[in-house]
Amino acid sequence: MAIPDTISTDEERQYFEVTDRIQLKPGWLQGEGQPLPHMEPYLWRWAEVEPLVLKSGELVTPDRDVERRTLRLATPGLDRGTTHTITAALQLLLPGENAPAHRHTPTAIRWVLKGTGAYTTVEGDKCYMEPGDLVLTPSWTWHDHNNEGDEPMIWLDGLDVPLVRYLRANFYEAYPEDQQPIVGVAESERKFASGSLRPAWEDTSVPYSPLWHYKWDKTYEALQRLAEVDASPFDDVAMEFSDPVTGGPVLRTMTCWVQMIRPGIATRAHRQTSCAVYQVYQGEGYSVIDGQRFDWREGDFFVVPPWVWHEHANDTGDEAVLFSIQDIPVLKDMALYREEPYEENAGHQPVTGRFKG
Ligand SMILES: [Fe+2]
Ligand SMILES: [Fe+2]
């Protein structure tokens with residue numbers, strides 16, 4: 001039993017000893033407890049990441065040595081996850097390989113970075129993956145990945161594992177075979193990707209989007225169309241992938257965004273109780289996070305911790321496109337979402353340093 005140094009009298013000490021014996025803690029004597037791990041903003045460069053992802057293909061093989069061949073974006077200060085709620089990792093699947101079928105209560109998203117010819121089967125629906133596609137494997141849905149093409153496939157996995165683990169709700173089940181039976185090809189997409197129209201008879205009362213494959217061409221077209229008419233001062237041309245039934249986020253624990261930062265735009269800074277993991281899908285520019293400038297270019301990843309000032313800028317002549325996974329739905333559903341604009345200096349933070357990595 002450690003006696004708190006807030007105790008100053010014998011009477012308090014005696015009181016503390018008695019309460020401690022029967023697992024009671026006097027709040028006024030307790031002290032601060034363990035501080036939360038400090039999460040720092042960080043940036044990973046594609047030029048450094050990609051060779052290591054490819055090299056992992058020589059070291060381990062899915063199904064034979066490991067369930068999945070993944071490389072986690074490990075934010076300084078955290079011993080797991082990429083943020084306190086989200087884990088993001090690069091996954092490599094080589095031609096002919098299979099990442100066996102399983103399901104788990106943590107929800108996952110796949111954001112496709114490189115390659116074609118691989119597919120993810122979600123609940124029997126075969127979804128061919130191409131760069132810029134978003135594929136969802138919601139909580140407790142069967143999924144396996146297979147590469148029947150002739151090039152390596154790399155995608156970004158985003159999972160709510162740290163949150164689910166914290167809630168002690170992590171369950172896992174392996175499918176008896178490596179691959180689940182195929183029921184259809186692009187069924188969810190053909191049923192639900194038209195947005196404002198959907199099958200009239202279908203039961204859509206699942207707690208996640210019934211559309212689990214968002215194709216890049218449609219995403220990019222939507223960005224272009226929005227750019228013609230409107231933009232956010234904090235995020236420029238930002239769109240949330242949405243559940244076609246509810247209009248809300250695609251998942252309960254995570255939301256996915258795609259945003260275009262147009263040439264010459266510097267957004268205003270704000271901070272939010274949510275956090276985000278970004279991937280630079282196209283172009284280059286920089287973000288100022290907590291006063292530090294992070295220069296990014298195509299393929300890079302960066303993380304924005306909760307409640308730190310952040311703003312994005314594109315000082316080039318070409319558009320930049322950012323993809324992100326954010327935990328906004330959790331904060332909003334628990335009435336804990338808070339957002340604040342940076343008011344000074346026309347909404348821009350003073351830059352006090354530059355991220356070197
Ligand atoms: Fe999985
Ligand atoms: Fe933001």
# chains A, B, ... in the order shown; residues from 1 in each chain; ligands from 1

$ residues_near_ligand --ligand "ligand 2" --cutoff "10 Å" --atoms "only C-alpha atoms and all ligand atoms" --output "ChimeraX atom specification"
/A:234-235,267-276,304,306-312,326,339-341

$ residues_around --residues "Ile86 (chain A)" --least-positions-apart "3" --cutoff "7 Å" --atoms "only C-alpha atoms" --output "JSON list (two decimals) with C-alpha atoms, in the first residue's frame"
[["chain", "number", "residue", "atom", "x", "y", "z"],
["A", 81, "GLY", "CA", -2.69, 1.70, -31.90],
["A", 82, "THR", "CA", -2.02, 4.75, -34.03],
["A", 83, "THR", "CA", -4.28, 6.84, -31.81],
["A", 158, "GLY", "CA", -7.99, 1.12, -40.21],
["A", 159, "LEU", "CA", -9.49, -0.58, -37.17],
["A", 160, "ASP", "CA", -11.18, 0.49, -33.96],
["A", 161, "VAL", "CA", -9.22, -2.13, -32.00],
["A", 162, "PRO", "CA", -7.88, 0.15, -29.21]]

$ residues_near_ligand --ligand "ligand 1" --cutoff "7 Å" --atoms "only C-alpha atoms and all ligand atoms" --output "list of chain:residue names"
A:His102, A:Arg103, A:His104, A:His143

$ write_last_selection --atoms "C-alpha atoms" --output "CSV table (one decimal), in the first residue's frame"
chain,number,residue,atom,x,y,z
A,102,HIS,CA,-12.3,-14.7,-40.2
A,103,ARG,CA,-14.5,-12.2,-38.4
A,104,HIS,CA,-14.1,-10.1,-35.3
A,143,HIS,CA,-13.8,-11.3,-44.6

$ closest_residue --among "A:Ala74, A:Val245, A:Met334, A:Ala169" --to "Tyr42 (chain A)" --atoms "only C-alpha atoms"
A:Ala74

$ select_by_dssp --residues "region 51-263 of chain A" --states "helix (DSSP H, G or I)" --output "JSON, numbers by chain"
{"A": [51, 52, 53, 54, 55, 56, 57, 58, 59, 161, 162, 163, 164, 165, 166, 187, 188, 189, 190, 191, 192, 216, 217, 218, 219, 220, 221, 222, 223, 224, 225, 226, 227, 228, 229]}
